[in-house]
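J.: What follows is a structure written as structure tokens; I'll ask about it next.
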Amino acid sequence: MPKVGDFHEGLRANEFVLFIDGTESPGISKVSGLSEGELETIEQPDGVTGHVYKLAAAKVKFEPLTIERRVDGSPEDKRFRDWFWQTFKLNAPRQGGSAVRKNGMIIKRHFGDEVLKFAFYHAWVKSSKFTDLEAGSTGLFLQTIVLEHEGLERVE
């Protein structure tokens with residue numbers, strides 16, 4: 001990172017790109033849920049002293065990723081719609097559910113240079129919703145997609 005005087009300049013949160021199955025997804029305006037995981041805690045009481053010891057469980061949980069994107073009539077609209085339809089298969093006798101999984105990567109940039117990469121694995125669409133329609137509004141029409149996944153990690 002650039003050094004400014006005696007300190008290193010912090011990264012800005014506004015420059016990133018999302019890839020899903022190796023294809024860049026333009027129009028993404030926000031990604032939240034970048035959690036590297038959380039270990040469950042087991043509390044083990046000591047009957048003699050009354051002290052409660054905390055132990056790390058073997059289970060790691062990951063927050064779902066929430067992606068916000070502009071709906072703009074581009075091929076990306078169809079790509080996300082198709083993934084949603086594959087997952088839910090509305091009006092079909094059998095739904096795809098969590099079997100329709102994709103891998104992805106979020107690349108954080110700083111003034112155009114790659115500085116961090118987050119890879120997520122085996123993600124599926126948990127939900128998709130759109131902003132409210134409101135007469136007289138000047139806001140953009142957005143889609144919010146929640147992805148469940150089996151892991152997110154920083155990669156070199």
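Naming scheme: A, B, ... for chains in displayed order of the structure tokens; residues 1 onward per chain; ligands 1 onward as shown.
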Counting only C-alpha atoms, what is within 7 Å of A:Gly104, bar same-chain residues fewer than 4 positions away, as a list in words?

T.: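 Selected residues are Phe19, Ile20, Asp21, Gly22, Ala119, Phe120 and Tyr121 of chain A.
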
J.: Store the residues of this selection in a file with N, CA and C atoms, as a short mmCIF file (atom, residue, chain, number, x, y, z; two decimals), in the first residue's frame.

T.:
```cif
data_model
loop_
_atom_site.label_atom_id
_atom_site.label_comp_id
_atom_site.auth_asym_id
_atom_site.auth_seq_id
_atom_site.Cartn_x
_atom_site.Cartn_y
_atom_site.Cartn_z
N PHE A 19 -16.38 -12.23 -9.68
CA PHE A 19 -16.35 -13.26 -10.72
C PHE A 19 -17.16 -14.45 -10.21
N ILE A 20 -17.98 -15.02 -11.08
CA ILE A 20 -18.72 -16.24 -10.76
C ILE A 20 -18.41 -17.25 -11.85
N ASP A 21 -17.89 -18.39 -11.43
CA ASP A 21 -17.42 -19.43 -12.37
C ASP A 21 -16.52 -18.85 -13.44
N GLY A 22 -15.61 -17.96 -13.04
CA GLY A 22 -14.61 -17.41 -13.94
C GLY A 22 -15.09 -16.28 -14.84
N ALA A 119 -11.99 -15.94 -2.26
CA ALA A 119 -12.62 -17.00 -3.05
C ALA A 119 -13.76 -17.60 -2.23
N PHE A 120 -14.89 -17.85 -2.89
CA PHE A 120 -15.97 -18.56 -2.22
C PHE A 120 -16.28 -19.81 -3.02
N TYR A 121 -16.76 -20.83 -2.30
CA TYR A 121 -16.90 -22.16 -2.88
C TYR A 121 -18.32 -22.70 -2.73
#
```

J.: Name the residues of stretch 28-118 of chain A that fall into helix (DSSP H, G or I) according to DSSP on the backbone, using the chain letters and numbers of this document, as a PDB file with C-alpha atoms, in the first residue's frame.

T.:
```pdb
ATOM      1  CA  PRO A  75     -26.700 -10.258 -20.280  1.00  0.00           C
ATOM      2  CA  GLU A  76     -25.908 -10.311 -16.531  1.00  0.00           C
ATOM      3  CA  ASP A  77     -29.633  -9.969 -15.793  1.00  0.00           C
ATOM      4  CA  LYS A  78     -30.260 -13.199 -17.698  1.00  0.00           C
ATOM      5  CA  ARG A  79     -27.267 -14.969 -16.122  1.00  0.00           C
ATOM      6  CA  PHE A  80     -28.485 -14.295 -12.570  1.00  0.00           C
ATOM      7  CA  ARG A  81     -32.107 -15.055 -13.527  1.00  0.00           C
ATOM      8  CA  ASP A  82     -31.066 -18.399 -15.063  1.00  0.00           C
ATOM      9  CA  TRP A  83     -29.085 -19.330 -11.927  1.00  0.00           C
ATOM     10  CA  PHE A  84     -32.134 -18.456  -9.795  1.00  0.00           C
ATOM     11  CA  TRP A  85     -34.424 -20.506 -12.056  1.00  0.00           C
ATOM     12  CA  GLN A  86     -32.040 -23.488 -11.992  1.00  0.00           C
ATOM     13  CA  THR A  87     -32.071 -23.368  -8.199  1.00  0.00           C
ATOM     14  CA  PHE A  88     -35.796 -22.922  -7.690  1.00  0.00           C
ATOM     15  CA  GLY A  97     -32.243 -26.478  -4.627  1.00  0.00           C
ATOM     16  CA  SER A  98     -28.695 -26.344  -3.332  1.00  0.00           C
ATOM     17  CA  ALA A  99     -27.470 -28.762  -6.035  1.00  0.00           C
TER      18      ALA A  99
END
```

J.: Within 9 Å of stretch 133-145 of chain A, which residues of stretch 31-127 of chain A come that close, and what is the closest atom pair and distance in Å for each? Count only C-alpha atoms and give it as a tab-separated table.

T.:
```
residue	atom	partner	partner_atom	distance
A:Leu65	CA	A:Ile145	CA	8.2
A:Thr66	CA	A:Ile145	CA	5.7
A:Ile67	CA	A:Ile145	CA	5.1
A:Glu68	CA	A:Thr144	CA	4.5
A:Arg69	CA	A:Gln143	CA	5.3
A:Arg70	CA	A:Leu142	CA	4.6
A:Val71	CA	A:Leu142	CA	5.5
A:Asp72	CA	A:Phe141	CA	8.1
A:Phe80	CA	A:Ile145	CA	8.7
A:Val125	CA	A:Ile145	CA	7.0
A:Lys126	CA	A:Ile145	CA	7.5
A:Ser127	CA	A:Ile145	CA	5.7
```

J.: The selected residues should be written to file as a compact mmCIF listing (two decimals), in the first residue's frame (atoms: N, CA and C atoms).

T.:
```txt
# COMPACT_ATOMS: atom_id res chain seq x y z
N LEU A 65 -23.20 -14.55 1.54
CA LEU A 65 -22.80 -13.35 0.80
C LEU A 65 -24.05 -12.67 0.27
N THR A 66 -24.12 -11.38 0.41
CA THR A 66 -25.24 -10.61 -0.13
C THR A 66 -24.68 -9.71 -1.23
N ILE A 67 -25.22 -9.88 -2.42
CA ILE A 67 -24.75 -9.14 -3.60
C ILE A 67 -25.86 -8.20 -4.04
N GLU A 68 -25.49 -6.94 -4.21
CA GLU A 68 -26.45 -5.95 -4.72
C GLU A 68 -25.97 -5.54 -6.11
N ARG A 69 -26.89 -5.57 -7.06
CA ARG A 69 -26.52 -5.25 -8.44
C ARG A 69 -27.61 -4.41 -9.11
N ARG A 70 -27.15 -3.61 -10.07
CA ARG A 70 -28.09 -2.80 -10.86
C ARG A 70 -28.75 -3.69 -11.91
N VAL A 71 -30.05 -3.59 -12.03
CA VAL A 71 -30.77 -4.27 -13.10
C VAL A 71 -30.73 -3.32 -14.29
N ASP A 72 -30.10 -3.77 -15.39
CA ASP A 72 -29.84 -2.84 -16.48
C ASP A 72 -30.14 -3.41 -17.87
N PHE A 80 -28.01 -14.13 -13.95
CA PHE A 80 -28.48 -14.30 -12.57
C PHE A 80 -29.89 -14.89 -12.53
N VAL A 125 -27.99 -19.91 -4.86
CA VAL A 125 -28.86 -18.76 -4.62
C VAL A 125 -29.86 -19.12 -3.52
N LYS A 126 -29.78 -18.39 -2.43
CA LYS A 126 -30.71 -18.57 -1.33
C LYS A 126 -31.96 -17.72 -1.55
N SER A 127 -31.75 -16.50 -2.03
CA SER A 127 -32.90 -15.63 -2.28
C SER A 127 -32.53 -14.54 -3.28
```

J.: Looking only at the backbone, which of the residues in stretch 19-51 of chain A does DSSP tag as strand (DSSP E or B), as a list in words?

T.: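 Taking stretch 19-51 of chain A and keeping strand (DSSP E or B) only, one gets Phe19, Ile20, Thr23, Glu24, Ser25, Ile28, Ser29, Lys30, Val31, Ser32, Glu38, Leu39, Glu40, Thr41, Ile42, Glu43, Gln44 and Pro45 of chain A.
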
J.: Convert the current residue selection to file output with C-alpha atoms, as a tab-separated table (two decimals), in the first residue's frame.

T.:
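selection.tsv, written as the output of this step:
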```tsv
chain	number	residue	atom	x	y	z
A	19	PHE	CA	-16.35	-13.26	-10.72
A	20	ILE	CA	-18.72	-16.24	-10.76
A	23	THR	CA	-16.90	-14.82	-15.58
A	24	GLU	CA	-16.81	-11.19	-14.46
A	25	SER	CA	-20.14	-9.84	-13.22
A	28	ILE	CA	-22.29	-5.17	-8.80
A	29	SER	CA	-22.61	-2.22	-6.44
A	30	LYS	CA	-22.19	-3.95	-3.07
A	31	VAL	CA	-20.97	-7.22	-1.56
A	32	SER	CA	-21.53	-7.91	2.13
A	38	GLU	CA	-16.73	-18.29	12.82
A	39	LEU	CA	-16.02	-21.19	15.14
A	40	GLU	CA	-18.81	-22.31	17.40
A	41	THR	CA	-17.97	-22.16	21.09
A	42	ILE	CA	-18.53	-24.98	23.54
A	43	GLU	CA	-18.90	-24.03	27.18
A	44	GLN	CA	-17.55	-26.64	29.55
A	45	PRO	CA	-18.33	-26.01	33.21
```

J.: Of the residues A:Val4, A:Arg101, A:Val115, A:Gly73, which is the one nearest to A:Glu156, using only C-alpha atoms?

T.: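 Smallest separation from A:Glu156 among the options: A:Val115.
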
J.: I'd like the neighbourhood of A:Glu150 as a ChimeraX atom specification, where a residue qualifies if any of its atoms comes within 10 Å (using only C-alpha atoms), though same-chain residues fewer than 3 positions away should be ignored.

T.: /A:60-64,101,103,120-124

J.: Atoms to include: N, CA and C atoms. Write the selected residues as an mmCIF file, in the first residue's frame.

T.:
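Below you can see result07.cif, which holds the result:
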```cif
data_model
loop_
_atom_site.group_PDB
_atom_site.id
_atom_site.type_symbol
_atom_site.label_atom_id
_atom_site.label_comp_id
_atom_site.auth_asym_id
_atom_site.auth_seq_id
_atom_site.Cartn_x
_atom_site.Cartn_y
_atom_site.Cartn_z
ATOM 1 N N VAL A 60 -17.077 -24.831 11.630
ATOM 2 C CA VAL A 60 -16.869 -23.471 11.159
ATOM 3 C C VAL A 60 -18.103 -23.065 10.364
ATOM 4 N N LYS A 61 -18.647 -21.899 10.685
ATOM 5 C CA LYS A 61 -19.815 -21.383 9.970
ATOM 6 C C LYS A 61 -19.394 -20.170 9.154
ATOM 7 N N PHE A 62 -20.058 -19.970 8.030
ATOM 8 C CA PHE A 62 -19.794 -18.824 7.167
ATOM 9 C C PHE A 62 -21.073 -18.033 6.960
ATOM 10 N N GLU A 63 -20.949 -16.708 6.977
ATOM 11 C CA GLU A 63 -22.090 -15.854 6.685
ATOM 12 C C GLU A 63 -22.440 -15.966 5.209
ATOM 13 N N PRO A 64 -23.704 -15.834 4.861
ATOM 14 C CA PRO A 64 -24.035 -15.787 3.437
ATOM 15 C C PRO A 64 -23.509 -14.491 2.817
ATOM 16 N N ARG A 101 -24.637 -25.269 -7.814
ATOM 17 C CA ARG A 101 -23.604 -24.519 -7.093
ATOM 18 C C ARG A 101 -22.561 -23.955 -8.031
ATOM 19 N N ASN A 103 -18.697 -21.540 -7.999
ATOM 20 C CA ASN A 103 -17.580 -20.958 -7.267
ATOM 21 C C ASN A 103 -17.375 -19.533 -7.747
ATOM 22 N N PHE A 120 -14.891 -17.850 -2.894
ATOM 23 C CA PHE A 120 -15.974 -18.556 -2.218
ATOM 24 C C PHE A 120 -16.283 -19.811 -3.017
ATOM 25 N N TYR A 121 -16.765 -20.827 -2.295
ATOM 26 C CA TYR A 121 -16.897 -22.163 -2.879
ATOM 27 C C TYR A 121 -18.317 -22.705 -2.729
ATOM 28 N N HIS A 122 -18.761 -23.375 -3.775
ATOM 29 C CA HIS A 122 -20.021 -24.130 -3.771
ATOM 30 C C HIS A 122 -21.213 -23.279 -3.338
ATOM 31 N N ALA A 123 -21.367 -22.116 -3.953
ATOM 32 C CA ALA A 123 -22.451 -21.194 -3.596
ATOM 33 C C ALA A 123 -23.712 -21.510 -4.389
ATOM 34 N N TRP A 124 -24.855 -21.272 -3.760
ATOM 35 C CA TRP A 124 -26.136 -21.387 -4.436
ATOM 36 C C TRP A 124 -27.000 -20.198 -4.033
#
```
